[in-house]
4 protein chains.
Amino acid sequence: MHFASDNSGPVHPEVLAALAEANQGYAMAYGADALMNQVRDRIRAIFEAPGAAVYLVATGTAANALALATLSNPWETVFCSAMSHIHEDECNAPEFYSGAKLTLVPGGDKMSADALRRSIQGEETRGVHGPQRGPVSITQVTERGTVYSLAELQALCDVAKEFGLPVHLDGARFTNALVALDCTPAEMTWKAGVDVVSFGGTKNGLMGVEAVIFFDESKAWEFELRRKRGAHLFSKHRYLSAQMAVYLTDDLWLRSARRANANCARLVQGLRAAGAEFLHAPDANIVFASFPRSLHKRLHDAGAVYHLWGAELEGDDADEMLPCRLVCDWSIEAEQIDQFLALF
Amino acid sequence: MHFASDNSGPVHPEVLAALAEANQGYAMAYGADALMNQVRDRIRAIFEAPGAAVYLVATGTAANALALATLSNPWETVFCSAMSHIHEDECNAPEFYSGAKLTLVPGGDKMSADALRRSIQGEETRGVHGPQRGPVSITQVTERGTVYSLAELQALCDVAKEFGLPVHLDGARFTNALVALDCTPAEMTWKAGVDVVSFGGTKNGLMGVEAVIFFDESKAWEFELRRKRGAHLFSKHRYLSAQMAVYLTDDLWLRSARRANANCARLVQGLRAAGAEFLHAPDANIVFASFPRSLHKRLHDAGAVYHLWGAELEGDDADEMLPCRLVCDWSIEAEQIDQFLALF
Amino acid sequence: MHFASDNSGPVHPEVLAALAEANQGYAMAYGADALMNQVRDRIRAIFEAPGAAVYLVATGTAANALALATLSNPWETVFCSAMSHIHEDECNAPEFYSGAKLTLVPGGDKMSADALRRSIQGEETRGVHGPQRGPVSITQVTERGTVYSLAELQALCDVAKEFGLPVHLDGARFTNALVALDCTPAEMTWKAGVDVVSFGGTKNGLMGVEAVIFFDESKAWEFELRRKRGAHLFSKHRYLSAQMAVYLTDDLWLRSARRANANCARLVQGLRAAGAEFLHAPDANIVFASFPRSLHKRLHDAGAVYHLWGAELEGDDADEMLPCRLVCDWSIEAEQIDQFLALF
Amino acid sequence: MHFASDNSGPVHPEVLAALAEANQGYAMAYGADALMNQVRDRIRAIFEAPGAAVYLVATGTAANALALATLSNPWETVFCSAMSHIHEDECNAPEFYSGAKLTLVPGGDKMSADALRRSIQGEETRGVHGPQRGPVSITQVTERGTVYSLAELQALCDVAKEFGLPVHLDGARFTNALVALDCTPAEMTWKAGVDVVSFGGTKNGLMGVEAVIFFDESKAWEFELRRKRGAHLFSKHRYLSAQMAVYLTDDLWLRSARRANANCARLVQGLRAAGAEFLHAPDANIVFASFPRSLHKRLHDAGAVYHLWGAELEGDDADEMLPCRLVCDWSIEAEQIDQFLALF
């Protein structure tokens, strides 16, 4: 009963097999391996973007920080949600790489187009004195487990385009969102107006690989130099390629996300039946809910692992409602869900 | 007959097995995995440094840049060889992470203690105007394949200590040097005066792991924050730990380096017998030599892979001596050496 | 009738005279001039801080950005008001110099101690993942013209000290606040808990000089190096010293601020009598008020100069209330105030 | 007898008068003052560059660092002399502002075109691994007091253009060089191939103003943002404009430099007659020479002020030749020269 994070789960066995298969003889280093050509071709095909530039890095923070640095100038500000990973969980990495600052669009975890527009307009009047308007960064799935609809994405991108600003999509859980929306990668990205995607693999069964996809190739060489300068270019790159290649083979990416989302839906259904309060719409593979402290203790004693969210398990008030986050990893089993729900 | 780089070779099979073994169930993310405790304990034991702080990153450039950033201030200069990896091959990553600049100590690929002292003294007279003296960074094995003796290391560290400066050892090929010197890790590091080590694994059979070892723990938390801010903290960290853990099990690290060095010695012996000119002392697993163009062509046509060094294979003068670099990877076989030598 | 900014006014004639007097023969460059010794002594005396380190720079943004960089680490966040100059009007200079980010404390232009505490507490739970807590920066006079009472300052500093955080005071209008509070410099700074002050002179009659005062000398050398590296060390430094020296002679600083504040009080009284709405408490030399568009047009046509605040003079609705900012410079005359008020 | 630096001398009286004249009433802040329009027009006329973008900053280091940051990317390297001010005397400011590193072209204080070409070629072979080629920065007058001929400048710029690299001219002593060459500003800059000039005023009689001149306006807005972000935009900008405006009025800039150079020539002639050894060609207003220790002591005892260059006045060997630097400021009198020479 492990719901702590989709970072805690194991790697999919097919990934390990792919690593073993890639482990034959010599290969060109630093991204010149033959497998990378396969990866590039597959991503271009899947995204219906024959001219896309594709790069692999090993952490989601690297993907985001390097992508934003490439899209922005150091005197600009990036528009994002106050609950975005780039603001809350990257220890100033986006600022370090880009030099830009972050403007937190007021509202909840999802930005609304109106709030985004007001934030952008708010940076308008100070000439050289204030930060200049920079890229918009959208997190899909959000850090609270909700998913922007295609219409919502389109509306955000439209606002960005209104001001001539590029759009970055932080897709650490890209495939969980895609499965939730039942749309194509192109629809969730460039067709809506996204310019650059952090296409996550690590949280969905890989060991540590994220692709950064530029639909416009003109920034490709700059990205390569930023990646190297950031110390994120792997010498034995074939092992990143191998992971991403198998991820995109036989729908492994989709199978894994579908399974995580389906198990999360099973969890949500059970929690709803048990009368739980949800703090955010559980659209993909993450649930935020509140339970009484006494229930948390029972779950904890039974061995369930998950994060309380700004709350402490210990406390006198047994009835106090404590928020928590439950994440369904690709590897979780329906039996674990049921076992967990049986404790309610 | 592949001598291009020790980055091009495969991962040792024991490493793949260790990854598979680590791939069971859930594990704490971000370095809190149980395997990391093993790694820390083993490194402390091997280095006879019970208080050492130990961190894992995935690239050698990250290890170097983060280590130097932790040792320096942005108004300082790092003393290093003009042929060091941090100067030539890291696309400004050390400068990006540290803000410091690099002072190139005149001389060859190895710094001499006298040249180092003169360089440090040369930064003395400008008060606030010039960069301030910062850490000394020593590359062991050097980028030209030579190895500092313990006495040489000691002399360099003594100069640094004379001026109160910390010492970093870039040990991307740490174990190849250790085997060449037949000494202990403690002798090659803190006993000589080294403060922080980039302890490489990738070039010696791992997939992508380097340890950064601080013998003084006082900078440990700063390093952790710099690693995260640099986007080099892995979520599924157990797979870094697993590689380093197996590396230090049953002497895999030593076995791999001994094999690489032994095969290189076989290569050197054969080349010497064939009358080759060596450009640098081939102390570990790298050879720099010059051959006539006609010989290079014959080797190339026979399928040998290696880098010419600032020279072009094509050219009219068949007798022109062209320098090249030959690297013996852990995986190379004596048969390949002999096959290569047979072409001379 | 010029109320645009205390940046638009002339330099006090005593300052020009001091520059002429300093212009004799040769002087040591880069801060080693004899006048700088006088400045240091006077500031130490005035602030009752015999051990203070004192530096001069030429812009308020330089004073703030260098002070904050010296107080913080690049993985930290600075707590400040959303209406602070460092956030709104310095085009990312604090982030550039420090590497840190800014956390905007919710509320109005003045931070409350409770809001500050909640903001600091909010950065507590993410370990290495989020930014770490850094300095608190307080703007006195605020950008909206209000002044923190000594009790309010003390309460903010107490919160900072509770968490072990240093406190910076952005005193671009330090003397206007001092005069408004009728207290001593020590009371408004280190006695309340402030560690470093940007002590402004430019807005109060100097040509371009701000002092940065560290009550704890331990960071002094770091500041000197940061100033030089930031290109803010003046070669002909005596002309900065001369300005600050005369500023602190015969109470020029106090005379100028008293005059500006008194004229502002006259303006406020007149506006109040005319029924104007004030948007913020006009505690020092700045007024934020709203007038109907028709009145703005009349003022404008009569030659009054000031900034509308996020509003446009042109528009159809003559009765619409448009906010504006009116600043009383040290040089403004009571007659100009009366002339302006006569237009109401 | 003050030869310490052209930073130690007074400001020209015409400059003080211009400041007093500018000190009338209100003026737009932040570079929007009317005087700045005059400055821009005059510089465009003097440089025969009607489309040039012109900015003022207060220190030479700011001019250089901001200019280089605008010309380069953070993954590049700047080619310069090992004796350049940007390398030796700016405490990492160019690296701080640009993120780039510096490549020191081998040779003396003047770069030769051949050495420059070899340095640029040397950065060619490493692809993404090494720093990329960035701007060439030429110091005119050099830090050792020599002046590049127009042919030499042209040859350096031609090499830069061969590789598509922009050229920066560090003209902290621009006018001293211009007078020495007896050429036009256009000939010494854009006609030779220079793209951006740091046009110094401070060392030639101003209080603290340098212009940065871009012959191609396309980077103008970026420079403005970098200047603000670097905290180098002055609020009371009219006092920078006033200095530069008077500098370019009635040939003040040329008169001052001619006087300094002429007095230096008188000094050189006297030293030569006295048999002094020159370490560098004394082309402008700086002399590097060696005298016996006993002579230095006599000069020192007679009150002469200048810098020994990496040598100590105290010592046993009275005959030891000690190098020194003698700078003729705009304000030095022929009588002082003669008085100094009389001591030989």
# chains A, B, ... in the order shown; residues from 1 in each chain; ligands from 1
>>> interface_residues(of="chain A", to="chain B", cutoff="6 Å", atoms="only C-alpha atoms", output="number ranges by chain")
A: 7-10, 23, 25-29, 61-62, 91-93, 229-231, 235-236
>>> write_last_selection(atoms="all heavy atoms", output="compact mmCIF listing (two decimals), in the first residue's frame")
# COMPACT_ATOMS: atom_id res chain seq x y z
N ASN A 7 7.66 8.53 -7.84
CA ASN A 7 9.13 8.46 -7.87
C ASN A 7 9.65 7.28 -7.07
O ASN A 7 10.85 7.00 -7.12
CB ASN A 7 9.74 9.72 -7.25
CG ASN A 7 9.67 10.89 -8.19
OD1 ASN A 7 9.73 10.72 -9.39
ND2 ASN A 7 9.52 12.07 -7.63
N SER A 8 8.79 6.66 -6.29
CA SER A 8 9.27 5.61 -5.38
C SER A 8 9.14 4.22 -5.97
O SER A 8 9.70 3.26 -5.44
CB SER A 8 8.47 5.64 -4.07
OG SER A 8 8.15 6.94 -3.68
N GLY A 9 8.38 4.12 -7.05
CA GLY A 9 8.13 2.80 -7.61
C GLY A 9 9.31 2.27 -8.40
O GLY A 9 10.27 2.98 -8.69
N PRO A 10 9.22 1.01 -8.76
CA PRO A 10 10.30 0.38 -9.53
C PRO A 10 10.25 0.80 -11.00
O PRO A 10 9.31 1.45 -11.44
CB PRO A 10 10.01 -1.11 -9.38
CG PRO A 10 8.53 -1.18 -9.23
CD PRO A 10 8.12 0.07 -8.47
N ASN A 23 23.33 -2.91 -24.11
CA ASN A 23 24.66 -3.05 -23.50
C ASN A 23 25.59 -3.94 -24.30
O ASN A 23 26.29 -4.80 -23.76
CB ASN A 23 24.49 -3.57 -22.07
CG ASN A 23 25.73 -3.32 -21.22
OD1 ASN A 23 26.30 -2.24 -21.30
ND2 ASN A 23 26.12 -4.31 -20.43
N GLY A 25 28.72 -4.07 -26.87
CA GLY A 25 29.83 -3.44 -27.58
C GLY A 25 29.90 -1.94 -27.38
O GLY A 25 29.45 -1.40 -26.38
N TYR A 26 30.49 -1.28 -28.38
CA TYR A 26 30.76 0.15 -28.28
C TYR A 26 29.63 0.95 -28.92
O TYR A 26 28.94 0.47 -29.82
CB TYR A 26 32.09 0.47 -28.93
CG TYR A 26 33.24 -0.16 -28.16
CD1 TYR A 26 33.70 -1.43 -28.47
CD2 TYR A 26 33.81 0.52 -27.09
CE1 TYR A 26 34.72 -2.01 -27.74
CE2 TYR A 26 34.83 -0.05 -26.36
CZ TYR A 26 35.28 -1.32 -26.68
OH TYR A 26 36.28 -1.88 -25.95
N ALA A 27 29.47 2.14 -28.42
CA ALA A 27 28.48 3.06 -29.01
C ALA A 27 29.05 4.46 -28.94
O ALA A 27 29.80 4.80 -28.04
CB ALA A 27 27.17 2.99 -28.24
N MET A 28 28.69 5.28 -29.88
CA MET A 28 29.12 6.67 -29.84
C MET A 28 28.55 7.32 -28.57
O MET A 28 27.41 7.07 -28.19
CB MET A 28 28.62 7.42 -31.08
CG MET A 28 29.20 6.90 -32.39
SD MET A 28 30.98 7.20 -32.50
CE MET A 28 30.97 8.95 -32.98
N ALA A 29 29.36 8.17 -27.98
CA ALA A 29 28.96 8.82 -26.73
C ALA A 29 28.20 10.11 -27.00
O ALA A 29 28.06 10.54 -28.14
CB ALA A 29 30.20 9.10 -25.88
N THR A 61 13.57 18.28 -13.35
CA THR A 61 14.01 19.65 -13.07
C THR A 61 14.97 20.13 -14.16
O THR A 61 14.90 21.28 -14.59
CB THR A 61 14.66 19.72 -11.68
OG1 THR A 61 13.67 19.37 -10.70
CG2 THR A 61 15.18 21.10 -11.37
N ALA A 62 15.85 19.25 -14.61
CA ALA A 62 16.74 19.63 -15.71
C ALA A 62 15.95 19.95 -16.96
O ALA A 62 16.22 20.94 -17.65
CB ALA A 62 17.75 18.51 -15.99
N CYS A 91 14.08 24.25 -6.00
CA CYS A 91 15.17 24.94 -5.27
C CYS A 91 15.88 25.99 -6.12
O CYS A 91 17.10 26.04 -6.16
CB CYS A 91 16.16 23.91 -4.73
SG CYS A 91 17.30 24.58 -3.50
N ASN A 92 15.09 26.79 -6.83
CA ASN A 92 15.64 27.90 -7.65
C ASN A 92 16.34 27.43 -8.93
O ASN A 92 17.02 28.25 -9.58
CB ASN A 92 16.62 28.77 -6.85
CG ASN A 92 15.99 29.42 -5.63
OD1 ASN A 92 14.83 29.16 -5.31
ND2 ASN A 92 16.74 30.27 -4.94
N ALA A 93 16.18 26.17 -9.32
CA ALA A 93 16.83 25.73 -10.56
C ALA A 93 16.37 26.52 -11.78
O ALA A 93 17.20 26.93 -12.60
CB ALA A 93 16.62 24.23 -10.78
N ARG A 229 26.60 22.75 -20.75
CA ARG A 229 27.06 23.71 -19.73
C ARG A 229 26.40 23.44 -18.37
O ARG A 229 26.98 23.70 -17.33
CB ARG A 229 26.72 25.13 -20.21
CG ARG A 229 27.02 26.23 -19.22
CD ARG A 229 26.79 27.57 -19.90
NE ARG A 229 26.85 28.69 -18.99
CZ ARG A 229 25.77 29.32 -18.52
NH1 ARG A 229 24.55 28.93 -18.87
NH2 ARG A 229 25.91 30.34 -17.69
N GLY A 230 25.21 22.89 -18.40
CA GLY A 230 24.54 22.53 -17.16
C GLY A 230 24.96 21.18 -16.61
O GLY A 230 24.48 20.74 -15.58
N ALA A 231 25.89 20.51 -17.32
CA ALA A 231 26.41 19.20 -16.91
C ALA A 231 25.36 18.11 -17.02
O ALA A 231 25.40 17.12 -16.31
CB ALA A 231 26.99 19.27 -15.48
N SER A 235 27.60 11.04 -21.04
CA SER A 235 28.57 10.40 -21.92
C SER A 235 27.98 9.08 -22.44
O SER A 235 27.87 8.88 -23.64
CB SER A 235 29.90 10.19 -21.20
OG SER A 235 29.72 9.46 -20.01
N LYS A 236 27.58 8.20 -21.54
CA LYS A 236 27.01 6.93 -22.01
C LYS A 236 25.51 7.12 -22.29
O LYS A 236 24.64 6.54 -21.63
CB LYS A 236 27.27 5.84 -20.97
CG LYS A 236 28.77 5.53 -20.84
CD LYS A 236 29.04 4.33 -19.96
CE LYS A 236 30.51 3.94 -20.02
NZ LYS A 236 30.84 2.86 -19.05
>>> residues_around(residues="Leu299 in chain D", least_positions_apart="5", cutoff="8 Å", atoms="only C-alpha atoms", output="short mmCIF file (atom, residue, chain, number, x, y, z; two decimals) with N, CA and C atoms, in the first residue's frame")
data_model
loop_
_atom_site.label_atom_id
_atom_site.label_comp_id
_atom_site.auth_asym_id
_atom_site.auth_seq_id
_atom_site.Cartn_x
_atom_site.Cartn_y
_atom_site.Cartn_z
N ALA D 304 57.72 61.93 -5.04
CA ALA D 304 57.09 61.42 -6.26
C ALA D 304 56.20 60.23 -5.90
N PHE D 340 60.43 66.26 -11.64
CA PHE D 340 60.67 64.82 -11.48
C PHE D 340 61.96 64.42 -12.18
N LEU D 343 65.41 64.92 -10.74
CA LEU D 343 65.90 64.03 -9.68
C LEU D 343 66.78 62.91 -10.25
#
>>> residues_around(residues="Thr142 in chain B", least_positions_apart="5", cutoff="7 Å", atoms="only C-alpha atoms", output="list in words")
Asp109, Lys110 and Val147 of chain B
>>> write_last_selection(atoms="N, CA, C and O atoms", output="CSV table (one decimal), in the first residue's frame")
chain,number,residue,atom,x,y,z
B,109,ASP,N,50.6,19.0,-19.2
B,109,ASP,CA,49.3,18.6,-18.7
B,109,ASP,C,49.3,18.4,-17.2
B,109,ASP,O,48.4,18.6,-16.5
B,110,LYS,N,50.5,18.1,-16.6
B,110,LYS,CA,50.7,18.0,-15.2
B,110,LYS,C,51.1,19.4,-14.7
B,110,LYS,O,52.1,19.9,-15.2
B,147,VAL,N,49.9,10.1,-14.8
B,147,VAL,CA,49.5,10.0,-13.4
B,147,VAL,C,50.5,10.7,-12.5
B,147,VAL,O,51.7,10.6,-12.6
>>> closest_residue(among="C:Ala265, C:Leu116, C:Ala284, C:Ala302", to="Leu181 in chain C", atoms="only C-alpha atoms")
C:Ala284
>>> atom_distance(atom1="CA of Gln154 in chain C", atom2="CA of Ala172 in chain C")
19.3 Å
>>> select_by_dssp(residues="range 195-286 of chain C", states="helix (DSSP H, G or I)", output="ChimeraX atom specification")
/C:202-204,217-229,238-247,252-273
>>> residues_around(residues="range 156-171 of chain D", least_positions_apart="3", cutoff="6 Å", atoms="only C-alpha atoms", output="PyMOL selection string")
chain D and resi 113+135-140+153+174+193-200
>>> write_last_selection(atoms="N, CA, C and O atoms", output="PDB file, in the first residue's frame")
ATOM      1  N   ALA D 113      47.576  39.502 -34.832  1.00  0.00           N
ATOM      2  CA  ALA D 113      46.512  38.856 -35.602  1.00  0.00           C
ATOM      3  C   ALA D 113      46.753  37.358 -35.708  1.00  0.00           C
ATOM      4  O   ALA D 113      45.818  36.555 -35.624  1.00  0.00           O
ATOM      5  N   PRO D 135      33.121  36.914 -28.663  1.00  0.00           N
ATOM      6  CA  PRO D 135      33.697  38.168 -29.147  1.00  0.00           C
ATOM      7  C   PRO D 135      35.192  38.291 -28.897  1.00  0.00           C
ATOM      8  O   PRO D 135      35.760  37.643 -28.018  1.00  0.00           O
ATOM      9  N   VAL D 136      35.801  39.155 -29.672  1.00  0.00           N
ATOM     10  CA  VAL D 136      37.188  39.567 -29.470  1.00  0.00           C
ATOM     11  C   VAL D 136      37.158  40.924 -28.767  1.00  0.00           C
ATOM     12  O   VAL D 136      36.406  41.811 -29.169  1.00  0.00           O
ATOM     13  N   SER D 137      37.941  41.057 -27.708  1.00  0.00           N
ATOM     14  CA  SER D 137      38.006  42.333 -26.993  1.00  0.00           C
ATOM     15  C   SER D 137      39.420  42.894 -27.077  1.00  0.00           C
ATOM     16  O   SER D 137      40.384  42.238 -26.691  1.00  0.00           O
ATOM     17  N   ILE D 138      39.513  44.100 -27.610  1.00  0.00           N
ATOM     18  CA  ILE D 138      40.805  44.764 -27.819  1.00  0.00           C
ATOM     19  C   ILE D 138      40.891  45.963 -26.876  1.00  0.00           C
ATOM     20  O   ILE D 138      39.944  46.746 -26.793  1.00  0.00           O
ATOM     21  N   THR D 139      42.020  46.109 -26.194  1.00  0.00           N
ATOM     22  CA  THR D 139      42.205  47.241 -25.293  1.00  0.00           C
ATOM     23  C   THR D 139      43.074  48.289 -25.969  1.00  0.00           C
ATOM     24  O   THR D 139      44.202  47.995 -26.378  1.00  0.00           O
ATOM     25  N   GLN D 140      42.552  49.489 -26.084  1.00  0.00           N
ATOM     26  CA  GLN D 140      43.248  50.561 -26.817  1.00  0.00           C
ATOM     27  C   GLN D 140      43.099  51.855 -26.030  1.00  0.00           C
ATOM     28  O   GLN D 140      41.978  52.335 -25.901  1.00  0.00           O
ATOM     29  N   LEU D 153      44.781  47.195 -35.733  1.00  0.00           N
ATOM     30  CA  LEU D 153      43.359  47.043 -35.380  1.00  0.00           C
ATOM     31  C   LEU D 153      42.600  46.354 -36.501  1.00  0.00           C
ATOM     32  O   LEU D 153      41.804  45.429 -36.267  1.00  0.00           O
ATOM     33  N   PHE D 174      40.491  55.822 -24.693  1.00  0.00           N
ATOM     34  CA  PHE D 174      40.208  55.954 -26.117  1.00  0.00           C
ATOM     35  C   PHE D 174      40.863  57.204 -26.710  1.00  0.00           C
ATOM     36  O   PHE D 174      41.532  57.149 -27.752  1.00  0.00           O
ATOM     37  N   GLY D 193      36.465  47.803 -38.148  1.00  0.00           N
ATOM     38  CA  GLY D 193      35.728  46.562 -37.899  1.00  0.00           C
ATOM     39  C   GLY D 193      35.235  46.391 -36.474  1.00  0.00           C
ATOM     40  O   GLY D 193      34.724  45.326 -36.125  1.00  0.00           O
ATOM     41  N   VAL D 194      35.375  47.418 -35.656  1.00  0.00           N
ATOM     42  CA  VAL D 194      34.897  47.343 -34.269  1.00  0.00           C
ATOM     43  C   VAL D 194      33.375  47.482 -34.244  1.00  0.00           C
ATOM     44  O   VAL D 194      32.814  48.331 -34.934  1.00  0.00           O
ATOM     45  N   ASP D 195      32.704  46.653 -33.425  1.00  0.00           N
ATOM     46  CA  ASP D 195      31.247  46.687 -33.335  1.00  0.00           C
ATOM     47  C   ASP D 195      30.736  47.495 -32.149  1.00  0.00           C
ATOM     48  O   ASP D 195      29.692  48.127 -32.233  1.00  0.00           O
ATOM     49  N   VAL D 196      31.441  47.410 -31.039  1.00  0.00           N
ATOM     50  CA  VAL D 196      31.000  48.093 -29.821  1.00  0.00           C
ATOM     51  C   VAL D 196      32.214  48.704 -29.137  1.00  0.00           C
ATOM     52  O   VAL D 196      33.259  48.058 -29.042  1.00  0.00           O
ATOM     53  N   VAL D 197      32.061  49.941 -28.643  1.00  0.00           N
ATOM     54  CA  VAL D 197      33.166  50.649 -27.988  1.00  0.00           C
ATOM     55  C   VAL D 197      32.790  51.024 -26.559  1.00  0.00           C
ATOM     56  O   VAL D 197      31.697  51.543 -26.319  1.00  0.00           O
ATOM     57  N   SER D 198      33.688  50.763 -25.638  1.00  0.00           N
ATOM     58  CA  SER D 198      33.652  51.425 -24.335  1.00  0.00           C
ATOM     59  C   SER D 198      34.458  52.707 -24.486  1.00  0.00           C
ATOM     60  O   SER D 198      35.684  52.657 -24.590  1.00  0.00           O
ATOM     61  N   PHE D 199      33.756  53.817 -24.508  1.00  0.00           N
ATOM     62  CA  PHE D 199      34.372  55.115 -24.795  1.00  0.00           C
ATOM     63  C   PHE D 199      34.560  55.843 -23.470  1.00  0.00           C
ATOM     64  O   PHE D 199      33.635  56.422 -22.917  1.00  0.00           O
ATOM     65  N   GLY D 200      35.782  55.789 -22.955  1.00  0.00           N
ATOM     66  CA  GLY D 200      36.026  56.253 -21.594  1.00  0.00           C
ATOM     67  C   GLY D 200      36.108  57.752 -21.469  1.00  0.00           C
ATOM     68  O   GLY D 200      36.614  58.443 -22.366  1.00  0.00           O
TER      69      GLY D 200
END
>>> atom_distance(atom1="CA of Glu48 in chain B", atom2="CA of Pro185 in chain B")
8.1 Å
>>> atom_distance(atom1="CA of Gly107 in chain D", atom2="CA of Gly122 in chain B")
17.2 Å
>>> select_by_dssp(residues="range 119-254 of chain D", states="strand (DSSP E)", output="PyMOL selection string")
chain D and resi 132-139+167-171+196-200+210-214
>>> write_last_selection(atoms="N, CA and C atoms", output="compact mmCIF listing (two decimals), in the first residue's frame")
# COMPACT_ATOMS: atom_id res chain seq x y z
N GLN D 132 32.27 27.85 -26.81
CA GLN D 132 32.16 28.29 -28.20
C GLN D 132 32.87 29.63 -28.38
N ARG D 133 33.24 29.89 -29.61
CA ARG D 133 33.92 31.14 -29.91
C ARG D 133 33.00 32.34 -29.71
N GLY D 134 33.49 33.32 -28.99
CA GLY D 134 32.72 34.53 -28.73
C GLY D 134 33.47 35.76 -29.19
N PRO D 135 33.12 36.91 -28.66
CA PRO D 135 33.70 38.17 -29.15
C PRO D 135 35.19 38.29 -28.90
N VAL D 136 35.80 39.15 -29.67
CA VAL D 136 37.19 39.57 -29.47
C VAL D 136 37.16 40.92 -28.77
N SER D 137 37.94 41.06 -27.71
CA SER D 137 38.01 42.33 -26.99
C SER D 137 39.42 42.89 -27.08
N ILE D 138 39.51 44.10 -27.61
CA ILE D 138 40.80 44.76 -27.82
C ILE D 138 40.89 45.96 -26.88
N THR D 139 42.02 46.11 -26.19
CA THR D 139 42.21 47.24 -25.29
C THR D 139 43.07 48.29 -25.97
N VAL D 167 33.48 42.37 -32.41
CA VAL D 167 34.67 42.98 -31.80
C VAL D 167 34.25 44.09 -30.84
N HIS D 168 34.81 44.01 -29.66
CA HIS D 168 34.64 45.05 -28.62
C HIS D 168 35.96 45.78 -28.45
N LEU D 169 35.88 47.11 -28.33
CA LEU D 169 37.07 47.90 -28.04
C LEU D 169 36.96 48.48 -26.65
N ASP D 170 37.86 48.09 -25.76
CA ASP D 170 37.91 48.70 -24.44
C ASP D 170 38.71 49.98 -24.55
N GLY D 171 37.99 51.09 -24.65
CA GLY D 171 38.64 52.38 -24.83
C GLY D 171 38.61 53.22 -23.57
N VAL D 196 31.44 47.41 -31.04
CA VAL D 196 31.00 48.09 -29.82
C VAL D 196 32.21 48.70 -29.14
N VAL D 197 32.06 49.94 -28.64
CA VAL D 197 33.17 50.65 -27.99
C VAL D 197 32.79 51.02 -26.56
N SER D 198 33.69 50.76 -25.64
CA SER D 198 33.65 51.42 -24.34
C SER D 198 34.46 52.71 -24.49
N PHE D 199 33.76 53.82 -24.51
CA PHE D 199 34.37 55.11 -24.79
C PHE D 199 34.56 55.84 -23.47
N GLY D 200 35.78 55.79 -22.95
CA GLY D 200 36.03 56.25 -21.59
C GLY D 200 36.11 57.75 -21.47
N GLU D 210 31.38 56.79 -18.69
CA GLU D 210 31.85 56.09 -19.87
C GLU D 210 30.65 55.90 -20.80
N ALA D 211 30.85 56.08 -22.08
CA ALA D 211 29.78 55.77 -23.02
C ALA D 211 30.00 54.38 -23.61
N VAL D 212 28.91 53.67 -23.83
CA VAL D 212 28.98 52.43 -24.60
C VAL D 212 28.27 52.70 -25.92
N ILE D 213 28.97 52.46 -27.01
CA ILE D 213 28.47 52.81 -28.33
C ILE D 213 28.33 51.54 -29.18
N PHE D 214 27.10 51.26 -29.61
CA PHE D 214 26.83 50.13 -30.51
C PHE D 214 26.64 50.70 -31.91
